[in-house]
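Participant: Next comes target04.cif, mmCIF, C-alpha atoms and all ligand atoms:
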data_upload
#
loop_
_atom_site.label_atom_id
_atom_site.label_comp_id
_atom_site.auth_asym_id
_atom_site.auth_seq_id
_atom_site.Cartn_x
_atom_site.Cartn_y
_atom_site.Cartn_z
CA MET N 102 -45.56 -1.66 -51.73
CA LEU N 103 -45.38 -0.53 -48.12
CA PRO N 104 -47.65 2.34 -47.08
CA VAL N 105 -46.17 5.61 -45.80
CA PHE N 106 -46.02 5.04 -42.05
CA HIS N 107 -46.90 7.42 -39.24
CA ASN N 108 -46.23 6.64 -35.62
CA THR N 109 -49.68 7.59 -34.35
CA LEU N 110 -52.56 5.70 -32.81
CA ASP N 111 -54.89 6.97 -35.53
CA PHE N 112 -52.66 5.61 -38.26
CA ALA N 113 -52.35 2.23 -36.50
CA ARG N 114 -56.12 1.96 -36.07
CA GLN N 115 -56.70 2.84 -39.72
CA GLN N 116 -54.28 0.08 -40.77
CA ASP N 117 -56.16 -2.37 -38.56
CA GLU N 118 -59.45 -1.36 -40.13
CA ASP N 119 -58.02 -1.93 -43.61
CA ASP N 120 -56.44 -5.26 -42.64
CA PRO N 121 -58.19 -8.20 -44.38
CA LEU N 122 -56.93 -10.54 -41.60
CA GLN N 123 -58.10 -8.33 -38.72
CA ASN N 124 -60.76 -10.78 -37.51
CA PHE N 125 -58.30 -13.63 -36.99
CA ARG N 126 -57.08 -11.88 -33.84
CA HIS N 127 -60.35 -12.80 -32.15
CA ARG N 128 -59.68 -16.50 -32.66
CA PHE N 129 -56.81 -16.39 -30.14
CA LEU N 130 -56.52 -16.08 -26.36
CA PHE N 131 -54.29 -13.30 -25.07
CA PRO N 132 -52.62 -13.22 -21.64
CA GLN N 133 -53.83 -10.25 -19.61
CA HIS N 134 -51.95 -7.47 -17.86
CA LYS N 135 -53.97 -5.16 -15.61
CA ASP N 136 -57.27 -6.25 -17.20
CA ARG N 137 -56.00 -5.60 -20.67
CA GLU N 138 -54.56 -7.83 -23.39
CA VAL N 139 -50.79 -7.79 -23.27
CA VAL N 140 -48.85 -6.64 -26.30
CA TYR N 141 -47.76 -10.15 -27.24
CA LEU N 142 -44.65 -9.99 -29.41
CA THR N 143 -43.26 -13.39 -28.61
CA GLY N 144 -45.19 -15.66 -30.95
CA ASN N 145 -41.81 -16.67 -32.38
CA SER N 146 -41.19 -18.46 -29.10
CA LEU N 147 -44.66 -19.73 -28.17
CA GLY N 148 -47.64 -18.90 -30.37
CA LEU N 149 -50.90 -17.94 -28.68
CA GLN N 150 -53.65 -20.47 -28.08
CA PRO N 151 -56.32 -20.62 -30.77
CA LYS N 152 -59.75 -20.83 -29.17
CA SER N 153 -60.55 -23.79 -31.44
CA VAL N 154 -57.89 -25.92 -29.73
CA ARG N 155 -60.05 -26.53 -26.66
CA THR N 156 -62.94 -27.80 -28.78
CA ALA N 157 -60.60 -30.09 -30.72
CA LEU N 158 -59.14 -31.53 -27.51
CA GLU N 159 -62.60 -32.02 -26.03
CA GLN N 160 -63.60 -34.03 -29.09
CA GLU N 161 -60.71 -36.47 -28.57
CA LEU N 162 -61.29 -36.69 -24.82
CA SER N 163 -64.92 -37.45 -25.45
CA ASP N 164 -64.12 -40.09 -28.13
CA TRP N 165 -61.65 -41.69 -25.72
CA ALA N 166 -64.24 -41.65 -22.92
CA MET N 167 -67.01 -43.13 -25.07
CA LEU N 168 -65.03 -45.55 -27.21
CA GLY N 169 -61.91 -46.59 -25.34
CA VAL N 170 -59.59 -48.54 -27.61
CA GLU N 171 -62.24 -48.61 -30.35
CA GLY N 172 -61.36 -44.98 -30.95
CA HIS N 173 -58.44 -46.20 -33.05
CA PHE N 174 -60.95 -47.12 -35.75
CA HIS N 175 -64.17 -45.39 -34.77
CA ALA N 176 -63.24 -41.99 -33.37
CA THR N 177 -64.49 -38.96 -35.29
CA THR N 178 -60.99 -38.82 -36.77
CA PRO N 179 -59.77 -42.43 -36.42
CA TRP N 180 -56.58 -42.46 -34.39
CA TRP N 181 -54.80 -45.15 -36.42
CA LYS N 182 -54.29 -42.73 -39.29
CA TYR N 183 -54.43 -39.48 -37.40
CA HIS N 184 -51.47 -38.05 -39.31
CA ALA N 185 -53.35 -38.08 -42.62
CA PRO N 186 -55.67 -35.06 -42.23
CA LEU N 187 -52.72 -32.91 -41.17
CA GLN N 188 -50.71 -33.59 -44.30
CA ALA N 189 -52.50 -31.27 -46.74
CA PRO N 190 -52.55 -28.17 -44.49
CA LEU N 191 -48.90 -28.72 -43.53
CA ALA N 192 -47.96 -29.24 -47.17
CA HIS N 193 -49.55 -25.90 -48.06
CA ILE N 194 -47.58 -24.13 -45.33
CA VAL N 195 -44.18 -25.52 -46.39
CA GLY N 196 -44.79 -25.75 -50.15
CA ALA N 197 -44.75 -29.52 -50.54
CA GLN N 198 -46.87 -32.45 -51.68
CA PRO N 199 -49.02 -33.92 -48.88
CA HIS N 200 -47.14 -37.24 -48.97
CA GLU N 201 -43.85 -35.38 -48.46
CA VAL N 202 -44.78 -34.19 -44.95
CA VAL N 203 -45.78 -35.75 -41.68
CA ALA N 204 -46.36 -34.45 -38.15
CA MET N 205 -44.43 -36.46 -35.58
CA ASN N 206 -42.16 -36.32 -32.52
CA GLY N 207 -40.28 -33.22 -31.38
CA LEU N 208 -38.01 -31.11 -33.54
CA THR N 209 -34.68 -32.29 -32.16
CA VAL N 210 -35.79 -35.93 -32.34
CA ASN N 211 -36.65 -35.34 -35.98
CA LEU N 212 -33.27 -33.78 -36.67
CA HIS N 213 -31.65 -36.98 -35.43
CA LEU N 214 -33.98 -39.11 -37.53
CA LEU N 215 -33.21 -37.08 -40.64
CA LEU N 216 -29.48 -37.30 -39.91
CA ALA N 217 -29.83 -41.08 -39.53
CA THR N 218 -31.16 -41.25 -43.07
CA PHE N 219 -29.50 -38.36 -44.88
CA TYR N 220 -26.07 -38.18 -43.29
CA GLN N 221 -24.13 -41.06 -44.80
CA PRO N 222 -20.48 -40.13 -44.36
CA THR N 223 -17.80 -41.83 -46.43
CA ALA N 224 -14.02 -41.55 -46.15
CA GLY N 225 -13.96 -38.71 -48.67
CA ARG N 226 -17.36 -37.09 -48.18
CA PHE N 227 -18.28 -36.55 -44.56
CA LYS N 228 -18.51 -32.84 -43.78
CA ILE N 229 -21.58 -31.01 -42.54
CA LEU N 230 -22.03 -27.29 -43.12
CA CYS N 231 -24.20 -25.17 -40.83
CA GLU N 232 -24.50 -21.58 -39.67
CA ALA N 233 -22.35 -20.43 -36.74
CA GLY N 234 -24.36 -19.58 -33.63
CA SER N 235 -27.19 -21.91 -34.53
CA PHE N 236 -29.80 -22.86 -31.93
CA PRO N 237 -28.08 -24.89 -29.17
CA SER N 238 -30.24 -27.98 -29.64
CA ASP N 239 -29.23 -28.17 -33.30
CA ASP N 240 -25.62 -27.76 -32.27
CA TYR N 241 -25.83 -30.55 -29.72
CA ALA N 242 -27.66 -32.80 -32.16
CA LEU N 243 -24.96 -32.38 -34.81
CA GLU N 244 -22.09 -32.71 -32.37
CA THR N 245 -23.36 -35.90 -30.76
CA HIS N 246 -24.61 -37.42 -33.99
CA VAL N 247 -21.22 -36.96 -35.59
CA ARG N 248 -19.47 -38.51 -32.58
CA MET N 249 -21.86 -41.43 -32.70
CA ARG N 250 -20.66 -42.11 -36.25
CA GLY N 251 -17.11 -42.27 -34.92
CA LEU N 252 -16.12 -38.86 -36.29
CA LYS N 253 -14.76 -35.78 -34.58
CA PRO N 254 -17.01 -32.69 -34.67
CA GLU N 255 -14.00 -30.39 -35.12
CA ASP N 256 -12.95 -32.25 -38.30
CA THR N 257 -16.48 -32.62 -39.58
CA ILE N 258 -18.62 -29.57 -38.90
CA ILE N 259 -18.02 -26.38 -40.89
CA GLU N 260 -19.65 -23.28 -39.41
CA VAL N 261 -20.28 -20.28 -41.63
CA ALA N 262 -19.96 -17.07 -39.59
CA PRO N 263 -20.74 -13.42 -40.35
CA ARG N 264 -17.74 -11.32 -41.39
CA GLN N 265 -15.82 -9.40 -38.77
CA GLY N 266 -18.00 -6.59 -37.42
CA GLU N 267 -21.17 -7.88 -39.13
CA GLN N 268 -24.21 -9.46 -37.49
CA THR N 269 -25.74 -11.43 -40.32
CA LEU N 270 -24.45 -13.72 -43.03
CA ARG N 271 -23.85 -12.57 -46.56
CA PRO N 272 -25.70 -14.94 -48.91
CA GLU N 273 -22.63 -15.19 -51.15
CA ASP N 274 -20.46 -16.28 -48.22
CA ILE N 275 -22.74 -19.28 -47.59
CA LEU N 276 -22.58 -20.33 -51.23
CA GLU N 277 -18.82 -19.82 -51.30
CA ALA N 278 -18.39 -22.00 -48.19
CA ILE N 279 -20.37 -24.75 -49.91
CA ARG N 280 -18.22 -24.52 -53.05
CA ALA N 281 -15.04 -24.47 -50.95
CA ALA N 282 -16.07 -27.65 -49.11
CA GLY N 283 -16.79 -29.22 -52.50
CA GLN N 284 -16.60 -33.01 -52.72
CA SER N 285 -15.91 -33.33 -49.00
CA LEU N 286 -19.40 -32.00 -48.20
CA ALA N 287 -22.01 -34.62 -47.29
CA LEU N 288 -24.74 -32.41 -45.88
CA VAL N 289 -25.84 -28.82 -45.53
CA MET N 290 -27.90 -28.39 -42.37
CA PHE N 291 -28.99 -24.78 -42.21
CA ALA N 292 -31.72 -22.76 -40.55
CA GLY N 293 -34.43 -21.33 -42.79
CA VAL N 294 -34.68 -18.30 -40.50
CA GLN N 295 -31.91 -17.68 -37.97
CA TYR N 296 -33.44 -17.72 -34.48
CA TYR N 297 -31.19 -15.01 -33.02
CA THR N 298 -30.93 -12.47 -35.85
CA GLY N 299 -34.17 -13.23 -37.68
CA GLN N 300 -32.28 -13.44 -40.99
CA VAL N 301 -33.98 -15.48 -43.73
CA PHE N 302 -31.57 -17.60 -45.72
CA ASP N 303 -31.97 -18.18 -49.43
CA MET N 304 -32.95 -21.83 -49.21
CA LYS N 305 -33.34 -22.17 -52.94
CA SER N 306 -29.81 -21.12 -53.82
CA ILE N 307 -28.29 -22.96 -50.84
CA THR N 308 -30.02 -26.14 -52.04
CA PHE N 309 -28.81 -25.58 -55.59
CA ALA N 310 -25.23 -25.01 -54.43
CA ALA N 311 -25.33 -28.09 -52.18
CA HIS N 312 -26.55 -30.25 -55.06
CA GLN N 313 -23.84 -28.91 -57.36
CA VAL N 314 -21.17 -30.38 -55.08
CA GLY N 315 -23.17 -33.58 -54.57
CA ALA N 316 -24.36 -32.83 -51.03
CA ILE N 317 -27.79 -33.16 -49.40
CA ALA N 318 -29.66 -29.97 -48.42
CA CYS N 319 -31.56 -30.08 -45.15
CA PHE N 320 -33.19 -27.19 -43.25
CA ASP N 321 -34.33 -26.51 -39.73
CA LEU N 322 -37.48 -24.48 -40.24
CA ALA N 323 -38.32 -23.80 -36.58
CA HIS N 324 -38.49 -20.04 -37.19
CA ALA N 325 -39.50 -20.21 -40.84
CA VAL N 326 -42.61 -22.38 -40.82
CA GLY N 327 -45.81 -20.33 -40.73
CA ASN N 328 -43.67 -17.20 -40.92
CA VAL N 329 -42.16 -16.90 -44.39
CA PRO N 330 -43.18 -18.33 -47.78
CA LEU N 331 -41.67 -21.76 -48.39
CA ALA N 332 -41.56 -23.83 -51.57
CA LEU N 333 -39.56 -26.83 -50.41
CA HIS N 334 -40.57 -29.16 -53.23
CA GLU N 335 -40.00 -26.62 -55.97
CA TRP N 336 -36.65 -25.63 -54.47
CA ASN N 337 -35.72 -29.31 -54.53
CA VAL N 338 -34.87 -29.30 -50.82
CA ASP N 339 -34.03 -32.84 -49.69
CA CYS N 340 -35.40 -32.74 -46.18
CA ALA N 341 -36.48 -30.40 -43.39
CA ALA N 342 -37.83 -30.40 -39.85
CA TRP N 343 -39.70 -27.86 -37.72
CA CYS N 344 -41.57 -27.44 -34.46
CA SER N 345 -45.21 -26.40 -34.18
CA TYR N 346 -45.38 -24.29 -31.04
CA LYS N 347 -43.79 -21.12 -32.47
CA TYR N 348 -45.55 -19.52 -35.46
CA LEU N 349 -47.82 -22.56 -35.87
CA ASN N 350 -49.53 -21.92 -32.51
CA SER N 351 -49.96 -25.61 -31.67
CA GLY N 352 -49.13 -25.43 -27.97
CA PRO N 353 -46.14 -26.01 -25.68
CA GLY N 354 -44.22 -29.14 -26.61
CA GLY N 355 -46.51 -29.53 -29.62
CA VAL N 356 -45.90 -32.23 -32.18
CA ALA N 357 -43.19 -31.36 -34.72
CA GLY N 358 -42.98 -32.13 -38.42
CA VAL N 359 -40.74 -33.25 -41.24
CA TYR N 360 -40.60 -32.84 -44.98
CA ILE N 361 -38.84 -35.40 -47.14
CA HIS N 362 -38.69 -34.80 -50.90
CA GLU N 363 -40.66 -37.47 -52.72
CA LYS N 364 -37.59 -38.71 -54.58
CA HIS N 365 -36.34 -39.87 -51.16
CA ALA N 366 -39.68 -40.43 -49.44
CA MET N 367 -40.70 -43.05 -52.03
CA ASN N 368 -37.34 -44.81 -51.79
CA LYS N 369 -37.85 -47.79 -49.50
CA ASP N 370 -34.16 -48.66 -49.57
CA LEU N 371 -32.95 -45.62 -47.66
CA PRO N 372 -31.38 -46.35 -44.28
CA ARG N 373 -33.52 -45.23 -41.36
CA LEU N 374 -34.42 -45.79 -37.75
CA ALA N 375 -37.82 -47.42 -37.92
CA GLY N 376 -40.83 -48.26 -35.79
CA TRP N 377 -44.19 -49.91 -36.41
CA TRP N 378 -46.01 -46.69 -37.36
CA GLY N 379 -43.86 -46.28 -40.47
CA TYR N 380 -44.67 -49.82 -41.56
CA ASP N 381 -46.73 -50.47 -44.66
CA GLU N 382 -50.14 -49.26 -43.48
CA GLN N 383 -52.18 -52.14 -44.91
CA GLU N 384 -50.14 -54.66 -42.99
CA ARG N 385 -49.19 -52.72 -39.89
CA PHE N 386 -51.39 -54.69 -37.57
CA ALA N 387 -50.41 -58.08 -39.06
CA MET N 388 -47.43 -57.89 -36.66
CA LYS N 389 -45.11 -59.55 -39.15
CA LYS N 390 -41.40 -60.08 -38.82
CA GLY N 391 -39.17 -57.93 -41.05
CA TYR N 392 -39.55 -54.18 -41.57
CA ARG N 393 -41.37 -52.99 -44.69
CA PRO N 394 -41.62 -49.20 -44.94
CA SER N 395 -44.73 -47.52 -46.25
CA GLU N 396 -44.38 -44.78 -48.85
CA GLY N 397 -43.99 -41.06 -48.27
CA ALA N 398 -42.68 -39.08 -45.32
CA GLN N 399 -45.09 -40.98 -43.09
CA ALA N 400 -42.76 -43.97 -43.43
CA TRP N 401 -40.42 -42.18 -41.00
CA GLN N 402 -43.00 -42.32 -38.18
CA LEU N 403 -41.93 -44.49 -35.29
CA SER N 404 -44.73 -44.51 -32.76
CA ASN N 405 -48.48 -44.22 -32.79
CA ALA N 406 -49.53 -40.59 -33.06
CA PRO N 407 -49.87 -38.42 -29.92
CA VAL N 408 -53.53 -37.76 -30.64
CA LEU N 409 -54.08 -34.95 -28.13
CA LEU N 410 -51.11 -32.98 -29.45
CA MET N 411 -52.10 -33.72 -33.02
CA ALA N 412 -55.66 -32.51 -32.35
CA ALA N 413 -54.33 -29.17 -31.10
CA HIS N 414 -51.97 -28.99 -34.07
CA LYS N 415 -54.72 -29.70 -36.58
CA ALA N 416 -56.98 -27.00 -35.12
CA ALA N 417 -54.09 -24.51 -35.25
CA ILE N 418 -52.99 -25.22 -38.84
CA ASP N 419 -56.57 -25.16 -40.11
CA ILE N 420 -56.44 -21.43 -39.35
CA PHE N 421 -53.56 -21.11 -41.82
CA GLU N 422 -55.68 -22.88 -44.45
CA GLU N 423 -58.38 -20.32 -43.94
CA ALA N 424 -56.16 -17.26 -43.84
CA GLY N 425 -53.76 -18.37 -46.61
CA MET N 426 -49.96 -18.12 -46.31
CA GLU N 427 -49.81 -15.42 -49.02
CA ASN N 428 -52.19 -13.14 -47.13
CA ILE N 429 -50.34 -13.81 -43.90
CA ARG N 430 -47.02 -12.91 -45.50
CA ALA N 431 -48.46 -9.81 -47.17
CA LYS N 432 -49.64 -8.48 -43.81
CA SER N 433 -46.42 -9.57 -42.10
CA GLU N 434 -44.26 -7.43 -44.38
CA ILE N 435 -46.31 -4.34 -43.57
CA LEU N 436 -46.63 -5.08 -39.86
CA THR N 437 -42.91 -5.71 -39.37
CA GLY N 438 -42.13 -2.71 -41.57
CA PHE N 439 -44.30 -0.63 -39.24
CA LEU N 440 -42.48 -2.04 -36.21
CA GLU N 441 -39.14 -1.08 -37.76
CA PHE N 442 -40.45 2.43 -38.44
CA VAL N 443 -41.79 2.86 -34.90
CA ILE N 444 -38.53 1.65 -33.31
CA ARG N 445 -36.47 4.04 -35.41
CA ASP N 446 -38.89 6.83 -34.54
CA VAL N 447 -38.82 6.38 -30.76
CA ALA N 448 -35.29 5.04 -30.25
CA GLY N 449 -33.12 6.49 -32.99
CA SER N 450 -29.59 5.21 -32.64
CA ARG N 451 -30.12 3.87 -29.10
CA VAL N 452 -31.52 0.66 -30.51
CA GLN N 453 -29.80 -1.17 -33.30
CA ILE N 454 -31.93 -3.56 -35.37
CA ILE N 455 -29.64 -6.44 -36.30
CA THR N 456 -32.24 -8.16 -38.50
CA PRO N 457 -31.84 -7.34 -42.21
CA SER N 458 -33.86 -4.36 -43.37
CA ASN N 459 -34.71 -5.95 -46.71
CA PRO N 460 -38.17 -7.59 -46.32
CA ALA N 461 -37.04 -10.53 -48.48
CA GLU N 462 -34.35 -11.33 -45.92
CA ARG N 463 -36.55 -11.35 -42.84
CA GLY N 464 -39.83 -12.70 -41.50
CA ALA N 465 -41.91 -11.27 -38.68
CA GLN N 466 -39.07 -10.96 -36.18
CA LEU N 467 -36.83 -8.00 -35.49
CA SER N 468 -33.90 -8.56 -33.14
CA LEU N 469 -32.91 -5.48 -31.19
CA PHE N 470 -29.59 -4.66 -29.71
CA VAL N 471 -29.99 -1.93 -27.10
CA GLU N 472 -26.80 0.14 -26.83
CA LYS N 473 -27.11 0.67 -23.07
CA ASN N 474 -28.89 -1.26 -20.28
CA GLY N 475 -30.55 -3.73 -22.62
CA ARG N 476 -31.64 -6.00 -19.82
CA ALA N 477 -33.21 -3.10 -17.88
CA VAL N 478 -35.15 -1.98 -20.96
CA PHE N 479 -36.40 -5.52 -21.43
CA ASP N 480 -37.44 -5.82 -17.77
CA TYR N 481 -39.28 -2.49 -17.94
CA LEU N 482 -41.23 -3.57 -21.02
CA MET N 483 -42.18 -6.92 -19.49
CA ALA N 484 -43.38 -5.16 -16.32
CA HIS N 485 -45.54 -2.84 -18.43
CA GLY N 486 -47.57 -5.38 -20.36
CA VAL N 487 -45.31 -6.02 -23.34
CA MET N 488 -44.22 -9.64 -23.77
CA LEU N 489 -40.93 -10.06 -25.60
CA ASP N 490 -37.99 -12.33 -25.21
CA TRP N 491 -34.46 -11.85 -24.13
CA ARG N 492 -31.72 -13.88 -25.71
CA GLU N 493 -28.25 -13.93 -24.24
CA PRO N 494 -25.92 -12.22 -24.61
CA ASN N 495 -27.80 -9.02 -25.42
CA VAL N 496 -30.71 -9.22 -27.80
CA ILE N 497 -34.42 -8.46 -27.39
CA ARG N 498 -36.47 -10.34 -29.94
CA THR N 499 -39.78 -8.86 -31.08
CA ALA N 500 -42.10 -10.63 -33.47
CA PRO N 501 -45.47 -9.17 -34.43
CA VAL N 502 -47.43 -12.17 -35.67
CA PRO N 503 -49.72 -11.29 -38.57
CA LEU N 504 -52.44 -13.76 -37.57
CA TYR N 505 -53.13 -12.10 -34.24
CA ASN N 506 -51.06 -8.97 -33.73
CA SER N 507 -52.49 -5.62 -34.71
CA PHE N 508 -50.91 -2.36 -35.83
CA GLU N 509 -52.19 -0.93 -32.57
CA ASP N 510 -50.09 -3.54 -30.70
CA VAL N 511 -47.02 -2.23 -32.50
CA TRP N 512 -47.91 1.36 -31.69
CA ARG N 513 -48.41 0.43 -28.00
CA PHE N 514 -45.01 -1.29 -28.02
CA GLY N 515 -43.45 1.92 -29.39
CA GLU N 516 -44.95 3.98 -26.57
CA ALA N 517 -43.69 1.51 -23.96
CA LEU N 518 -40.22 1.46 -25.54
CA LYS N 519 -40.12 5.25 -25.47
CA ASN N 520 -40.90 5.18 -21.75
CA ALA N 521 -38.40 2.39 -21.09
CA LEU N 522 -35.61 4.34 -22.76
CA ALA N 523 -36.53 7.46 -20.77
CA GLN N 524 -36.02 5.61 -17.47
C1 LIG N 601 -37.13 -23.69 -31.04
C2 LIG N 601 -36.02 -24.39 -31.70
C3 LIG N 601 -35.63 -25.69 -31.30
C4 LIG N 601 -36.31 -26.38 -30.15
O1 LIG N 601 -36.15 -27.77 -30.22
P1 LIG N 601 -37.23 -28.76 -29.61
O2 LIG N 601 -36.72 -30.08 -30.00
O3 LIG N 601 -38.56 -28.38 -30.21
O4 LIG N 601 -37.26 -28.53 -28.13
C5 LIG N 601 -34.60 -26.31 -32.00
N1 LIG N 601 -33.97 -25.68 -33.01
C6 LIG N 601 -34.30 -24.43 -33.40
C7 LIG N 601 -33.58 -23.79 -34.53
C8 LIG N 601 -35.32 -23.74 -32.75
O5 LIG N 601 -35.63 -22.50 -33.12
#
Translate the structure described by the file into structure tokens.
Ligand SMILES: *Cc1c(COP(=O)(O)O)cnc(C)c1O
Facilitator:
Amino acid sequence: MLPVFHNTLDFARQQDEDDPLQNFRHRFLFPQHKDREVVYLTGNSLGLQPKSVRTALEQELSDWAMLGVEGHFHATTPWWKYHAPLQAPLAHIVGAQPHEVVAMNGLTVNLHLLLATFYQPTAGRFKILCEAGSFPSDDYALETHVRMRGLKPEDTIIEVAPRQGEQTLRPEDILEAIRAAGQSLALVMFAGVQYYTGQVFDMKSITFAAHQVGAIACFDLAHAVGNVPLALHEWNVDCAAWCSYKYLNSGPGGVAGVYIHEKHAMNKDLPRLAGWWGYDEQERFAMKKGYRPSEGAQAWQLSNAPVLLMAAHKAAIDIFEEAGMENIRAKSEILTGFLEFVIRDVAGSRVQIITPSNPAERGAQLSLFVEKNGRAVFDYLMAHGVMLDWREPNVIRTAPVPLYNSFEDVWRFGEALKNALAQ
């Protein structure tokens, strides 16, 4: 149940006082504007730095300094299996078994690796279904991957678009598109949360529909991970990938992650692009001829782990362990609900919120379409200590992050928006 909102500073401060997660804010470093913390509403693009990241990096730098190559086996967290301690916290965030997840590479690299394994086109079954207007990198990955298999993107990729005059997808239209593609469908590659509109897709029913026509269900969780509740294993999702620098606060260019359902992850016969780090762990350093995959998602690792990035990532996801995804989501629904209320209060019909109003169909983010002078409104806000992001052609994205944003932040944003619109 959402509380009855009031757009006042007193109300916002009372909510902050009652917020069980209020102290987590102090674990993060905020950029400053005129000697004051900015109103940071762009954690969906780059999450703030947890203070614990510096300590974690210093530990690895010190182990490297003291031990040199011996750090592979004798560092505080031995580097040769550095992925292991990240598996449980990541699994809790995405709703998986620890052996179904691994932190590795960048997101787009991982999309290609998952396509290499899970996109196996045949003469009759070769189509890929995705959402129209997906993130450009995903688009380029699909387009080029399909070409590399000798297929034409225009014959292969089906894009599901919102209906005429609508901004977001109707869940039934996605399912209908899957049914319509039927036996020709090899793979569904959908976002969990749409980066532009902030719409959450029903991953459970999309997966079910994909399986009914014999297709694989794969998700890009860039905007979903650490933002909305996920139960990938229970939903029977085949595979997924995400990045760690958005809601997971693991730093610019941070190490990404994948989930592979155990029914696939334990299958050593699946085609893949391999490297030595996915080799059977007991024998990895025997340097033998002939690839033998280990078991679990870790078998998809190619290279030795980027320890510095992984150290930052571990420190950042440990905060999720402490706070608990359920508590984070509970606060998020109220915080974003408050943001919606404040925007309606100060802007009325001058700002259209294109993100669904139903809390089940959105995460932290609200995407705003400003009827007039959107870019000028955005520039005004940025110049007045509110950090947001602008996405062409005409959307301002705002995302109050429950781990570190306060109700007072949202109230301050409302005041700044009021002033921006009065300009
Ligand atoms: C942020 C984001 C990316 C970025 O890709 P990188 O490989 O991490 O640079 C890709 N896809 C989606 C959907 C995103 O939101």
Participant: How many Å lie between atom CA of Leu322 of chain N and atom CA of Val294 of chain N, rounded to one decimal?
Facilitator: 6.8 Å
Participant: Measuring atom to atom with only C-alpha atoms, identify which of N:Ala242, N:Ala412, N:Ile418, N:Met426 is nearest to Thr178 of chain N.
Facilitator: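 The closest residue to Thr178 of chain N is N:Ala412.
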Participant: I need the residue nearest ligand LIG 601 (chain N) from this list: N:Leu208, N:Ala375, N:Ile497, N:Ala166. Use only C-alpha atoms and all ligand atoms for the distance.
Facilitator: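 Of all the options, N:Leu208 lies closest to ligand LIG 601 (chain N).
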Participant: Between N:Gln453, N:Gln221, N:Asn211, N:Thr499, which one has atoms that come closest to ligand LIG 601 (chain N), using only C-alpha atoms and all ligand atoms?
Facilitator: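 Once distances to ligand LIG 601 (chain N) are computed over only C-alpha atoms and all ligand atoms, the minimum belongs to N:Asn211.
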Participant: The centre and edge lengths of an axis-aligned box containing all atoms of ligand LIG 601 (chain N) present in the file, extended by 6 Å on each side, are to be given in Å to one decimal, as JSON.
Facilitator:
{"center_x": -36.1, "center_y": -26.3, "center_z": -31.3, "size_x": 17.0, "size_y": 19.6, "size_z": 18.4}
Participant: Let me make sure I understand: among N:Val408, N:Ile435, N:Leu467, N:Ile229, which one has the smallest atom-to-atom distance to Asp256 of chain N if we use only C-alpha atoms?
Facilitator: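 Once distances to Asp256 of chain N are computed over only C-alpha atoms, the minimum belongs to N:Ile229.
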Participant: Using all atoms listed in the file, which residues have at least one atom no more than 6 Å from ligand LIG 601 (chain N)? Output them as number ranges by chain.
Facilitator: N: 207-209, 236, 238-239, 296, 321, 323-324, 344
Participant: Would you please work out which residue, of N:Asp274, N:Glu159, N:Asp490, N:Glu427, is nearest to Leu122 of chain N when using all atoms listed in the file?
Facilitator: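 Once distances to Leu122 of chain N are computed over all atoms listed in the file, the minimum belongs to N:Glu427.
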Participant: Under the rule that only C-alpha atoms are counted, which of N:Leu276, N:Ala316, N:Leu187, N:Leu158 is the nearest residue to Lys228 of chain N?
Facilitator: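 Checking each of N:Leu276, N:Ala316, N:Leu187, N:Leu158 against Lys228 of chain N, counting only C-alpha atoms, the winner is N:Ala316.
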Participant: Give as a ChimeraX atom specification each residue that has an atom at most 12 Å from (-57.4, -2.6, -42.8) in the file, counting all atoms listed in the file.
Facilitator: /N:104,112-124,432,435-436,507-509
Participant: Enter the distance from atom CA of Val202 of chain N to atom CA of Thr298 of chain N, in Å, rounded to one decimal.
Facilitator: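 Those two atoms sit 27.3 Å apart.
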Participant: I'd like the contact shell of Glu396 of chain N - 12 Å cut-off, only C-alpha atoms, skipping same-chain residues fewer than 2 positions apart - returned as a PyMOL selection string.
Facilitator: chain N and resi 199-203+361-371+378-383+393-394+398-402
Participant: Write out as a list of chain:residue names the residues lying within 7 Å of Pro190 of chain N, counting all atoms listed in the file and excluding same-chain residues fewer than 4 positions away.
Facilitator: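 So the residues in contact are N:Ile194, N:Ile418, N:Asp419, N:Glu422.
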Participant: Write the residues of the selection above to a file with C-alpha atoms, as a short mmCIF file (atom, residue, chain, number, x, y, z; two decimals), keeping the file's coordinate frame.
Facilitator:
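The result, stored in result.cif:
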data_model
loop_
_atom_site.label_atom_id
_atom_site.label_comp_id
_atom_site.auth_asym_id
_atom_site.auth_seq_id
_atom_site.Cartn_x
_atom_site.Cartn_y
_atom_site.Cartn_z
CA ILE N 194 -47.58 -24.13 -45.33
CA ILE N 418 -52.99 -25.22 -38.84
CA ASP N 419 -56.57 -25.16 -40.11
CA GLU N 422 -55.68 -22.88 -44.45
#
Participant: Taking 2 positions as the minimum chain separation for residues in the same chain, which residues sit within 8 Å of Phe219 of chain N when counting all atoms listed in the file? Answer as number ranges by chain.
Facilitator: N: 215-217, 221, 288, 317
Participant: Residues of the last selection are to be written out with C-alpha atoms, as a compact mmCIF listing (two decimals), in the coordinates of the input.
Facilitator:
# COMPACT_ATOMS: atom_id res chain seq x y z
CA LEU N 215 -33.21 -37.08 -40.64
CA LEU N 216 -29.48 -37.30 -39.91
CA ALA N 217 -29.83 -41.08 -39.53
CA GLN N 221 -24.13 -41.06 -44.80
CA LEU N 288 -24.74 -32.41 -45.88
CA ILE N 317 -27.79 -33.16 -49.40
Participant: Between atom CA of Leu331 of chain N and atom CA of Val195 of chain N, what is the distance, to one decimal in Å?
Facilitator: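 Taking atom CA of Leu331 of chain N as the start and atom CA of Val195 of chain N as the end point, the length is 4.9 Å.
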